[in-house]
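Below you'll find the structure, written out as structure tokens, and then a few comments.
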Amino acid sequence: MAHIDIHQYATTQPETVFTTELQIKPEVRDKIIHIINEGDKQNYTSNVKACMTDWGMQEQPGFMELEEEFSGIIQYVSGIIDGSPPPLQIVNMWGAKYQKGDYTKVHNHWPAVWSGVFYLTVPSDYAGALMFPDLEHHIEPVTGQLVIFNGSTRHGVNTIKSSQERIAISFNYEPMPPQPHLMSHR
């Protein structure tokens, strides 16, 4: 392979992080917590060093209802940024239960267009900030908060110092693949 030079430049384009609060039904919350409490499915092998579900939870009870909420918000924020965004679809969703000493390594979700986290329960004491090291910014989570950011944005979670659990749902959205029957024939 030929030599490849890397050129990195500081940009002046702002990086956008969206936050909002969601109210979910108690029965939806309880379904999700029940599934997460079934135990760790990843064995701490991902960037998330906490008890974690499978990756494809968007079709599971409770998670489906959240996905419906998220999809409308994702299309809305895409319109703010892009004006006329392509249709997007959720590609994965997972839950994580953080306990004292748990954390998430800094990483990104490329090629996702949008990534996010919804805080189902957050301890009353230190919950472990969602950090964005390249943005030199962090967000202290609160129960019911939804945070959405560009999938290529590096982020992580500081070590949990609380003896209480923090339960979060994370997700990624990507453009829908072209539909052959909708494409024009030339």
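Residue numbering restarts at 1 for every chain of the structure tokens, chains are lettered A, B, ... in their displayed order, and ligands are numbered from 1 as they appear.
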Any chance you could list, as a tab-separated table (two decimals) with all heavy atoms, in the first residue's frame, the residues in stretch 16-184 of chain A that come up strand (DSSP E) when DSSP is run on the backbone?
```tsv
chain	number	residue	atom	x	y	z
A	17	VAL	N	-25.06	19.25	20.70
A	17	VAL	CA	-25.58	18.22	21.60
A	17	VAL	C	-26.97	18.70	22.01
A	17	VAL	O	-27.15	19.84	22.43
A	17	VAL	CB	-24.68	18.03	22.84
A	17	VAL	CG1	-25.30	17.04	23.80
A	17	VAL	CG2	-23.28	17.59	22.42
A	18	PHE	N	-27.96	17.83	21.85
A	18	PHE	CA	-29.34	18.16	22.21
A	18	PHE	C	-29.72	17.47	23.51
A	18	PHE	O	-29.33	16.32	23.73
A	18	PHE	CB	-30.31	17.68	21.12
A	18	PHE	CG	-30.13	18.35	19.79
A	18	PHE	CD1	-29.27	17.80	18.84
A	18	PHE	CD2	-30.81	19.51	19.48
A	18	PHE	CE1	-29.10	18.41	17.60
A	18	PHE	CE2	-30.65	20.12	18.25
A	18	PHE	CZ	-29.79	19.57	17.31
A	19	THR	N	-30.48	18.14	24.34
A	19	THR	CA	-31.03	17.50	25.55
A	19	THR	C	-32.51	17.85	25.66
A	19	THR	O	-32.94	18.93	25.24
A	19	THR	CB	-30.31	17.95	26.84
A	19	THR	OG1	-30.47	19.36	26.99
A	19	THR	CG2	-28.83	17.60	26.81
A	20	THR	N	-33.26	16.92	26.20
A	20	THR	CA	-34.67	17.15	26.49
A	20	THR	C	-35.07	16.21	27.61
A	20	THR	O	-34.32	15.32	27.99
A	20	THR	CB	-35.55	16.94	25.23
A	20	THR	OG1	-36.88	17.40	25.50
A	20	THR	CG2	-35.58	15.49	24.80
A	21	GLU	N	-36.25	16.42	28.14
A	21	GLU	CA	-36.78	15.55	29.19
A	21	GLU	C	-37.94	14.74	28.60
A	21	GLU	O	-38.73	15.27	27.83
A	21	GLU	CB	-37.30	16.38	30.37
A	21	GLU	CG	-36.27	17.29	31.00
A	21	GLU	CD	-35.12	16.56	31.67
A	21	GLU	OE1	-35.36	15.53	32.32
A	21	GLU	OE2	-33.97	17.01	31.52
A	48	VAL	N	-18.55	-0.25	27.35
A	48	VAL	CA	-19.35	-0.08	28.56
A	48	VAL	C	-18.88	-1.10	29.59
A	48	VAL	O	-19.04	-2.30	29.40
A	48	VAL	CB	-20.85	-0.27	28.27
A	48	VAL	CG1	-21.67	-0.16	29.55
A	48	VAL	CG2	-21.33	0.74	27.23
A	49	LYS	N	-18.31	-0.62	30.66
A	49	LYS	CA	-17.83	-1.49	31.74
A	49	LYS	C	-18.88	-1.50	32.84
A	49	LYS	O	-18.68	-0.99	33.95
A	49	LYS	CB	-16.45	-1.03	32.24
A	49	LYS	CG	-15.40	-0.97	31.14
A	49	LYS	CD	-15.28	-2.31	30.42
A	49	LYS	CE	-14.26	-2.26	29.29
A	49	LYS	NZ	-14.31	-3.44	28.45
A	51	CYS	N	-23.05	-3.65	33.65
A	51	CYS	CA	-24.00	-4.70	33.27
A	51	CYS	C	-24.79	-4.19	32.06
A	51	CYS	O	-25.37	-3.11	32.09
A	51	CYS	CB	-24.94	-4.97	34.45
A	51	CYS	SG	-26.21	-6.19	34.11
A	52	MET	N	-24.79	-4.99	30.99
A	52	MET	CA	-25.35	-4.51	29.73
A	52	MET	C	-26.21	-5.57	29.06
A	52	MET	O	-25.93	-6.76	29.15
A	52	MET	CB	-24.18	-4.14	28.82
A	52	MET	CG	-24.53	-3.24	27.69
A	52	MET	SD	-23.03	-2.81	26.80
A	52	MET	CE	-23.65	-3.01	25.16
A	88	LEU	N	-34.29	8.33	8.67
A	88	LEU	CA	-33.35	7.61	9.52
A	88	LEU	C	-34.04	6.44	10.19
A	88	LEU	O	-35.25	6.45	10.38
A	88	LEU	CB	-32.77	8.55	10.57
A	88	LEU	CG	-32.01	9.77	10.03
A	88	LEU	CD1	-31.69	10.73	11.15
A	88	LEU	CD2	-30.75	9.34	9.31
A	89	GLN	N	-33.26	5.45	10.58
A	89	GLN	CA	-33.80	4.30	11.29
A	89	GLN	C	-32.88	3.94	12.45
A	89	GLN	O	-31.66	4.15	12.37
A	89	GLN	CB	-33.95	3.11	10.36
A	89	GLN	CG	-32.62	2.57	9.85
A	89	GLN	CD	-32.79	1.42	8.89
A	89	GLN	OE1	-33.90	0.99	8.60
A	89	GLN	NE2	-31.69	0.92	8.36
A	90	ILE	N	-33.47	3.40	13.48
A	90	ILE	CA	-32.66	2.93	14.59
A	90	ILE	C	-31.95	1.65	14.15
A	90	ILE	O	-32.55	0.81	13.48
A	90	ILE	CB	-33.53	2.70	15.85
A	90	ILE	CG1	-32.63	2.57	17.08
A	90	ILE	CG2	-34.48	1.53	15.68
A	90	ILE	CD1	-33.36	2.76	18.39
A	91	VAL	N	-30.67	1.55	14.45
A	91	VAL	CA	-29.93	0.34	14.07
A	91	VAL	C	-29.58	-0.51	15.28
A	91	VAL	O	-29.36	-1.71	15.15
A	91	VAL	CB	-28.66	0.66	13.25
A	91	VAL	CG1	-29.04	1.20	11.88
A	91	VAL	CG2	-27.74	1.63	13.98
A	92	ASN	N	-29.52	0.10	16.45
A	92	ASN	CA	-29.35	-0.68	17.67
A	92	ASN	C	-29.71	0.15	18.89
A	92	ASN	O	-29.74	1.38	18.85
A	92	ASN	CB	-27.96	-1.30	17.81
A	92	ASN	CG	-26.83	-0.35	17.55
A	92	ASN	OD1	-26.91	0.83	17.83
A	92	ASN	ND2	-25.75	-0.86	16.99
A	93	MET	N	-30.06	-0.58	19.95
A	93	MET	CA	-30.45	0.04	21.21
A	93	MET	C	-30.09	-0.96	22.30
A	93	MET	O	-30.29	-2.16	22.14
A	93	MET	CB	-31.96	0.32	21.21
A	93	MET	CG	-32.50	0.88	22.52
A	93	MET	SD	-34.32	0.98	22.52
A	93	MET	CE	-34.55	2.56	21.74
A	94	TRP	N	-29.55	-0.48	23.39
A	94	TRP	CA	-29.15	-1.36	24.49
A	94	TRP	C	-29.33	-0.65	25.82
A	94	TRP	O	-29.39	0.57	25.89
A	94	TRP	CB	-27.71	-1.82	24.30
A	94	TRP	CG	-26.69	-0.72	24.31
A	94	TRP	CD1	-25.94	-0.28	25.37
A	94	TRP	CD2	-26.33	0.12	23.21
A	94	TRP	NE1	-25.13	0.76	24.99
A	94	TRP	CE2	-25.35	1.02	23.67
A	94	TRP	CE3	-26.73	0.18	21.88
A	94	TRP	CZ2	-24.78	1.99	22.85
A	94	TRP	CZ3	-26.15	1.16	21.07
A	94	TRP	CH2	-25.19	2.03	21.55
A	95	GLY	N	-29.43	-1.44	26.85
A	95	GLY	CA	-29.55	-0.91	28.20
A	95	GLY	C	-28.31	-1.22	29.00
A	95	GLY	O	-27.63	-2.22	28.75
A	96	ALA	N	-28.02	-0.37	29.98
A	96	ALA	CA	-26.86	-0.60	30.86
A	96	ALA	C	-27.23	-0.20	32.28
A	96	ALA	O	-27.88	0.82	32.50
A	96	ALA	CB	-25.66	0.20	30.38
A	97	LYS	N	-26.80	-1.04	33.20
A	97	LYS	CA	-26.99	-0.75	34.63
A	97	LYS	C	-25.60	-0.53	35.22
A	97	LYS	O	-24.78	-1.43	35.28
A	97	LYS	CB	-27.69	-1.91	35.33
A	97	LYS	CG	-27.85	-1.69	36.82
A	97	LYS	CD	-28.72	-2.73	37.49
A	97	LYS	CE	-28.15	-4.11	37.38
A	97	LYS	NZ	-28.92	-5.11	38.15
A	98	TYR	N	-25.35	0.71	35.62
A	98	TYR	CA	-24.07	1.09	36.20
A	98	TYR	C	-24.17	1.02	37.73
A	98	TYR	O	-25.12	1.53	38.31
A	98	TYR	CB	-23.70	2.51	35.82
A	98	TYR	CG	-23.38	2.72	34.37
A	98	TYR	CD1	-24.39	2.89	33.42
A	98	TYR	CD2	-22.06	2.78	33.93
A	98	TYR	CE1	-24.10	3.11	32.09
A	98	TYR	CE2	-21.76	2.99	32.60
A	98	TYR	CZ	-22.78	3.16	31.69
A	98	TYR	OH	-22.49	3.37	30.36
A	103	TYR	N	-17.99	2.28	34.54
A	103	TYR	CA	-17.70	3.44	33.70
A	103	TYR	C	-17.83	3.01	32.24
A	103	TYR	O	-18.06	1.84	31.94
A	103	TYR	CB	-16.28	3.96	33.96
A	103	TYR	CG	-15.20	2.97	33.60
A	103	TYR	CD1	-14.54	3.04	32.38
A	103	TYR	CD2	-14.85	1.92	34.48
A	103	TYR	CE1	-13.57	2.11	32.04
A	103	TYR	CE2	-13.89	0.99	34.14
A	103	TYR	CZ	-13.24	1.09	32.92
A	103	TYR	OH	-12.29	0.16	32.58
A	104	THR	N	-17.64	3.96	31.33
A	104	THR	CA	-17.57	3.65	29.90
A	104	THR	C	-16.34	4.33	29.32
A	104	THR	O	-16.13	5.52	29.52
A	104	THR	CB	-18.83	4.14	29.15
A	104	THR	OG1	-19.97	3.46	29.68
A	104	THR	CG2	-18.75	3.88	27.67
A	105	LYS	N	-15.55	3.54	28.58
A	105	LYS	CA	-14.36	4.08	27.92
A	105	LYS	C	-14.77	5.09	26.85
A	105	LYS	O	-15.84	4.96	26.24
A	105	LYS	CB	-13.59	2.95	27.22
A	105	LYS	CG	-12.94	1.96	28.15
A	105	LYS	CD	-12.22	0.90	27.31
A	105	LYS	CE	-11.52	-0.11	28.14
A	105	LYS	NZ	-10.82	-1.11	27.28
A	106	VAL	N	-13.90	6.05	26.60
A	106	VAL	CA	-14.16	7.03	25.54
A	106	VAL	C	-14.15	6.31	24.19
A	106	VAL	O	-13.27	5.50	23.90
A	106	VAL	CB	-13.11	8.16	25.58
A	106	VAL	CG1	-13.29	9.10	24.39
A	106	VAL	CG2	-13.22	8.93	26.89
A	107	HIS	N	-15.18	6.59	23.38
A	107	HIS	CA	-15.37	5.94	22.09
A	107	HIS	C	-16.34	6.79	21.26
A	107	HIS	O	-16.82	7.82	21.73
A	107	HIS	CB	-15.96	4.53	22.29
A	107	HIS	CG	-17.32	4.54	22.89
A	107	HIS	ND1	-17.56	4.86	24.22
A	107	HIS	CD2	-18.53	4.30	22.35
A	107	HIS	CE1	-18.86	4.80	24.46
A	107	HIS	NE2	-19.47	4.47	23.34
A	114	TRP	N	-26.69	9.74	14.31
A	114	TRP	CA	-27.04	10.23	15.64
A	114	TRP	C	-26.91	9.09	16.64
A	114	TRP	O	-27.26	7.95	16.36
A	114	TRP	CB	-28.49	10.74	15.69
A	114	TRP	CG	-28.72	11.96	14.87
A	114	TRP	CD1	-29.44	12.04	13.71
A	114	TRP	CD2	-28.24	13.28	15.13
A	114	TRP	NE1	-29.43	13.33	13.23
A	114	TRP	CE2	-28.71	14.11	14.09
A	114	TRP	CE3	-27.48	13.84	16.14
A	114	TRP	CZ2	-28.42	15.47	14.04
A	114	TRP	CZ3	-27.19	15.19	16.09
A	114	TRP	CH2	-27.66	16.00	15.05
A	115	SER	N	-26.43	9.44	17.82
A	115	SER	CA	-26.38	8.53	18.96
A	115	SER	C	-27.02	9.25	20.13
A	115	SER	O	-27.15	10.48	20.13
A	115	SER	CB	-24.94	8.18	19.31
A	115	SER	OG	-24.35	7.44	18.27
A	116	GLY	N	-27.41	8.48	21.12
A	116	GLY	CA	-28.01	9.12	22.27
A	116	GLY	C	-28.09	8.21	23.47
A	116	GLY	O	-27.81	7.01	23.38
A	117	VAL	N	-28.47	8.82	24.56
A	117	VAL	CA	-28.65	8.09	25.82
A	117	VAL	C	-29.85	8.69	26.54
A	117	VAL	O	-30.06	9.90	26.54
A	117	VAL	CB	-27.37	8.12	26.68
A	117	VAL	CG1	-26.96	9.54	27.04
A	117	VAL	CG2	-27.52	7.27	27.92
A	118	PHE	N	-30.65	7.80	27.10
A	118	PHE	CA	-31.81	8.20	27.90
A	118	PHE	C	-31.59	7.66	29.31
A	118	PHE	O	-31.31	6.47	29.48
A	118	PHE	CB	-33.11	7.64	27.32
A	118	PHE	CG	-34.31	7.92	28.17
A	118	PHE	CD1	-34.76	9.21	28.36
A	118	PHE	CD2	-34.99	6.88	28.79
A	118	PHE	CE1	-35.87	9.47	29.16
A	118	PHE	CE2	-36.10	7.13	29.58
A	118	PHE	CZ	-36.54	8.43	29.76
A	119	TYR	N	-31.71	8.51	30.29
A	119	TYR	CA	-31.47	8.13	31.68
A	119	TYR	C	-32.78	7.71	32.35
A	119	TYR	O	-33.61	8.55	32.67
A	119	TYR	CB	-30.79	9.28	32.44
A	119	TYR	CG	-29.44	9.58	31.85
A	119	TYR	CD1	-29.25	10.67	31.01
A	119	TYR	CD2	-28.36	8.75	32.10
A	119	TYR	CE1	-28.01	10.93	30.45
A	119	TYR	CE2	-27.12	8.99	31.54
A	119	TYR	CZ	-26.96	10.08	30.72
A	119	TYR	OH	-25.74	10.33	30.16
A	120	LEU	N	-32.91	6.42	32.56
A	120	LEU	CA	-34.11	5.85	33.18
A	120	LEU	C	-34.11	6.10	34.68
A	120	LEU	O	-35.13	6.48	35.25
A	120	LEU	CB	-34.14	4.35	32.89
A	120	LEU	CG	-35.49	3.68	32.77
A	120	LEU	CD1	-36.38	4.37	31.78
A	120	LEU	CD2	-35.31	2.23	32.38
A	121	THR	N	-32.98	5.86	35.33
A	121	THR	CA	-32.82	6.17	36.76
A	121	THR	C	-31.41	6.69	36.97
A	121	THR	O	-30.45	6.18	36.40
A	121	THR	CB	-33.04	4.94	37.67
A	121	THR	OG1	-32.05	3.95	37.37
A	121	THR	CG2	-34.42	4.35	37.50
A	130	LEU	N	-21.61	12.19	31.71
A	130	LEU	CA	-21.41	11.86	30.31
A	130	LEU	C	-20.41	12.89	29.81
A	130	LEU	O	-20.69	14.09	29.81
A	130	LEU	CB	-22.73	11.97	29.54
A	130	LEU	CG	-22.67	11.84	28.02
A	130	LEU	CD1	-22.12	10.48	27.60
A	130	LEU	CD2	-24.03	12.08	27.41
A	131	MET	N	-19.23	12.43	29.43
A	131	MET	CA	-18.17	13.38	29.05
A	131	MET	C	-17.92	13.35	27.55
A	131	MET	O	-18.03	12.31	26.90
A	131	MET	CB	-16.90	13.07	29.82
A	131	MET	CG	-16.35	11.69	29.59
A	131	MET	SD	-14.78	11.49	30.38
A	131	MET	CE	-14.62	9.71	30.26
A	132	PHE	N	-17.61	14.52	27.03
A	132	PHE	CA	-17.25	14.71	25.63
A	132	PHE	C	-15.86	15.36	25.63
A	132	PHE	O	-15.75	16.59	25.59
A	132	PHE	CB	-18.27	15.62	24.93
A	132	PHE	CG	-19.67	15.09	24.93
A	132	PHE	CD1	-20.59	15.50	25.88
A	132	PHE	CD2	-20.07	14.17	23.97
A	132	PHE	CE1	-21.88	15.01	25.88
A	132	PHE	CE2	-21.37	13.68	23.95
A	132	PHE	CZ	-22.29	14.10	24.91
A	137	HIS	N	-16.48	19.25	27.39
A	137	HIS	CA	-17.81	19.44	27.97
A	137	HIS	C	-18.26	18.15	28.62
A	137	HIS	O	-17.85	17.06	28.21
A	137	HIS	CB	-18.80	19.86	26.87
A	137	HIS	CG	-20.17	20.15	27.37
A	137	HIS	ND1	-20.46	21.25	28.13
A	137	HIS	CD2	-21.33	19.47	27.22
A	137	HIS	CE1	-21.76	21.23	28.43
A	137	HIS	NE2	-22.30	20.16	27.89
A	138	HIS	N	-19.11	18.27	29.62
A	138	HIS	CA	-19.72	17.08	30.22
A	138	HIS	C	-21.15	17.43	30.63
A	138	HIS	O	-21.50	18.60	30.79
A	138	HIS	CB	-18.91	16.57	31.42
A	138	HIS	CG	-18.98	17.46	32.61
A	138	HIS	ND1	-18.13	18.53	32.78
A	138	HIS	CD2	-19.80	17.46	33.67
A	138	HIS	CE1	-18.43	19.15	33.91
A	138	HIS	NE2	-19.44	18.52	34.47
A	139	ILE	N	-21.95	16.38	30.77
A	139	ILE	CA	-23.34	16.53	31.19
A	139	ILE	C	-23.57	15.66	32.40
A	139	ILE	O	-23.28	14.46	32.38
A	139	ILE	CB	-24.32	16.13	30.05
A	139	ILE	CG1	-24.18	17.11	28.88
A	139	ILE	CG2	-25.76	16.05	30.56
A	139	ILE	CD1	-24.98	16.74	27.65
A	145	GLN	N	-33.82	12.38	31.41
A	145	GLN	CA	-33.11	13.21	30.43
A	145	GLN	C	-32.72	12.37	29.21
A	145	GLN	O	-32.24	11.25	29.34
A	145	GLN	CB	-31.87	13.81	31.06
A	145	GLN	CG	-31.08	14.73	30.14
A	145	GLN	CD	-29.85	15.27	30.84
A	145	GLN	OE1	-29.12	14.53	31.48
A	145	GLN	NE2	-29.65	16.57	30.73
A	146	LEU	N	-32.92	12.95	28.04
A	146	LEU	CA	-32.49	12.37	26.77
A	146	LEU	C	-31.39	13.27	26.21
A	146	LEU	O	-31.58	14.49	26.11
A	146	LEU	CB	-33.66	12.28	25.78
A	146	LEU	CG	-33.33	11.80	24.37
A	146	LEU	CD1	-32.81	10.37	24.37
A	146	LEU	CD2	-34.56	11.93	23.48
A	147	VAL	N	-30.25	12.68	25.86
A	147	VAL	CA	-29.13	13.42	25.27
A	147	VAL	C	-28.87	12.82	23.89
A	147	VAL	O	-28.74	11.60	23.75
A	147	VAL	CB	-27.86	13.31	26.14
A	147	VAL	CG1	-26.71	14.10	25.52
A	147	VAL	CG2	-28.13	13.76	27.57
A	148	ILE	N	-28.80	13.68	22.87
A	148	ILE	CA	-28.58	13.24	21.49
A	148	ILE	C	-27.37	13.99	20.95
A	148	ILE	O	-27.24	15.20	21.14
A	148	ILE	CB	-29.81	13.52	20.61
A	148	ILE	CG1	-31.02	12.75	21.14
A	148	ILE	CG2	-29.53	13.18	19.14
A	148	ILE	CD1	-32.33	13.15	20.49
A	149	PHE	N	-26.48	13.26	20.26
A	149	PHE	CA	-25.27	13.87	19.72
A	149	PHE	C	-24.86	13.14	18.44
A	149	PHE	O	-25.32	12.03	18.16
A	149	PHE	CB	-24.14	13.85	20.75
A	149	PHE	CG	-23.94	12.51	21.42
A	149	PHE	CD1	-23.04	11.59	20.91
A	149	PHE	CD2	-24.66	12.18	22.56
A	149	PHE	CE1	-22.87	10.36	21.52
A	149	PHE	CE2	-24.49	10.95	23.18
A	149	PHE	CZ	-23.60	10.04	22.66
A	150	ASN	N	-24.00	13.78	17.67
A	150	ASN	CA	-23.50	13.19	16.43
A	150	ASN	C	-22.80	11.88	16.74
A	150	ASN	O	-22.03	11.78	17.69
A	150	ASN	CB	-22.53	14.19	15.79
A	150	ASN	CG	-22.04	13.74	14.44
A	150	ASN	OD1	-21.40	12.70	14.31
A	150	ASN	ND2	-22.33	14.53	13.43
A	155	HIS	N	-17.14	10.18	23.26
A	155	HIS	CA	-17.79	10.36	24.55
A	155	HIS	C	-17.48	9.17	25.45
A	155	HIS	O	-17.02	8.13	24.99
A	155	HIS	CB	-19.30	10.52	24.37
A	155	HIS	CG	-19.93	9.31	23.75
A	155	HIS	ND1	-19.82	9.03	22.40
A	155	HIS	CD2	-20.64	8.29	24.28
A	155	HIS	CE1	-20.44	7.89	22.13
A	155	HIS	NE2	-20.95	7.40	23.26
A	156	GLY	N	-17.75	9.32	26.72
A	156	GLY	CA	-17.56	8.25	27.70
A	156	GLY	C	-18.31	8.60	28.97
A	156	GLY	O	-19.00	9.62	29.03
A	157	VAL	N	-18.20	7.73	29.96
A	157	VAL	CA	-18.87	7.96	31.24
A	157	VAL	C	-17.82	7.85	32.34
A	157	VAL	O	-17.09	6.87	32.42
A	157	VAL	CB	-19.99	6.93	31.49
A	157	VAL	CG1	-20.60	7.11	32.88
A	157	VAL	CG2	-21.06	7.04	30.41
A	166	ARG	N	-27.41	3.38	38.34
A	166	ARG	CA	-27.77	4.30	37.27
A	166	ARG	C	-28.15	3.42	36.08
A	166	ARG	O	-27.37	2.58	35.66
A	166	ARG	CB	-26.59	5.19	36.90
A	166	ARG	CG	-26.90	6.06	35.68
A	166	ARG	CD	-25.73	6.94	35.38
A	166	ARG	NE	-25.17	6.57	34.12
A	166	ARG	CZ	-24.34	7.32	33.43
A	166	ARG	NH1	-23.93	8.45	33.93
A	166	ARG	NH2	-23.90	6.93	32.27
A	167	ILE	N	-29.35	3.59	35.54
A	167	ILE	CA	-29.81	2.79	34.41
A	167	ILE	C	-30.04	3.71	33.22
A	167	ILE	O	-30.75	4.71	33.32
A	167	ILE	CB	-31.10	2.00	34.76
A	167	ILE	CG1	-30.80	1.04	35.91
A	167	ILE	CG2	-31.61	1.25	33.54
A	167	ILE	CD1	-31.99	0.25	36.40
A	168	ALA	N	-29.39	3.35	32.11
A	168	ALA	CA	-29.45	4.18	30.91
A	168	ALA	C	-29.72	3.31	29.68
A	168	ALA	O	-29.35	2.15	29.64
A	168	ALA	CB	-28.13	4.93	30.73
A	169	ILE	N	-30.38	3.91	28.71
A	169	ILE	CA	-30.66	3.27	27.43
A	169	ILE	C	-29.93	4.07	26.36
A	169	ILE	O	-30.10	5.28	26.27
A	169	ILE	CB	-32.18	3.28	27.10
A	169	ILE	CG1	-33.01	2.75	28.26
A	169	ILE	CG2	-32.45	2.54	25.80
A	169	ILE	CD1	-32.68	1.36	28.70
A	170	SER	N	-29.10	3.40	25.56
A	170	SER	CA	-28.37	4.07	24.49
A	170	SER	C	-28.82	3.55	23.14
A	170	SER	O	-29.37	2.45	23.04
A	170	SER	CB	-26.87	3.83	24.67
A	170	SER	OG	-26.43	4.40	25.89
A	171	PHE	N	-28.56	4.33	22.08
A	171	PHE	CA	-29.06	3.96	20.75
A	171	PHE	C	-28.27	4.66	19.66
A	171	PHE	O	-27.57	5.64	19.91
A	171	PHE	CB	-30.54	4.32	20.63
A	171	PHE	CG	-30.82	5.77	20.93
A	171	PHE	CD1	-30.75	6.73	19.93
A	171	PHE	CD2	-31.15	6.17	22.21
A	171	PHE	CE1	-31.00	8.06	20.21
A	171	PHE	CE2	-31.41	7.51	22.50
A	171	PHE	CZ	-31.33	8.45	21.49
A	172	ASN	N	-28.42	4.15	18.44
A	172	ASN	CA	-27.81	4.72	17.24
A	172	ASN	C	-28.82	4.74	16.10
A	172	ASN	O	-29.59	3.80	15.93
A	172	ASN	CB	-26.61	3.87	16.79
A	172	ASN	CG	-25.46	3.95	17.75
A	172	ASN	OD1	-25.06	5.02	18.18
A	172	ASN	ND2	-24.91	2.80	18.10
A	173	TYR	N	-28.77	5.83	15.32
A	173	TYR	CA	-29.59	5.97	14.11
A	173	TYR	C	-28.69	6.17	12.90
A	173	TYR	O	-27.70	6.89	12.98
A	173	TYR	CB	-30.54	7.17	14.23
A	173	TYR	CG	-31.78	6.88	15.03
A	173	TYR	CD1	-31.76	6.85	16.41
A	173	TYR	CD2	-32.99	6.63	14.39
A	173	TYR	CE1	-32.89	6.58	17.15
A	173	TYR	CE2	-34.14	6.35	15.11
A	173	TYR	CZ	-34.09	6.33	16.49
A	173	TYR	OH	-35.22	6.06	17.21
A	174	GLU	N	-29.08	5.54	11.81
A	174	GLU	CA	-28.38	5.68	10.53
A	174	GLU	C	-29.42	5.93	9.44
A	174	GLU	O	-30.61	5.64	9.63
A	174	GLU	CB	-27.58	4.42	10.21
A	174	GLU	CG	-26.42	4.17	11.16
A	174	GLU	CD	-25.63	2.91	10.84
A	174	GLU	OE1	-25.89	2.27	9.79
A	174	GLU	OE2	-24.75	2.57	11.64
A	175	PRO	N	-28.98	6.42	8.26
A	175	PRO	CA	-29.93	6.60	7.16
A	175	PRO	C	-30.54	5.27	6.74
A	175	PRO	O	-29.88	4.23	6.77
A	175	PRO	CB	-29.07	7.17	6.02
A	175	PRO	CG	-27.89	7.77	6.71
A	175	PRO	CD	-27.64	6.91	7.92
```
So which bits of chain A end up alpha helix (DSSP H) when you DSSP the backbone, as a ChimeraX atom specification? /A:26-36,63-82
Taking 4 positions as the minimum chain separation for residues in the same chain, which residues sit within 9 Å of A:Lys161 when counting only C-alpha atoms? Answer as a PyMOL selection string. chain A and resi 99-102+125-128
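Considering only C-alpha atoms, the residue among A:Phe63, A:Tyr44, A:Pro14, A:Glu68 positioned nearest to A:Leu135 is A:Pro14.
With only C-alpha atoms as the atoms that count, the minimum distance from A:His34 to the choices A:Glu15, A:Pro61, A:Asp54, A:Glu140 is reached by A:Pro61.
Note that the spacing between atom CA of A:Glu136 and atom CA of A:Ser152 amounts to 15.3 Å.
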What is the atom CA of A:Ser78-atom CA of A:Gly144 distance in Å, reported with one decimal? 21.3 Å
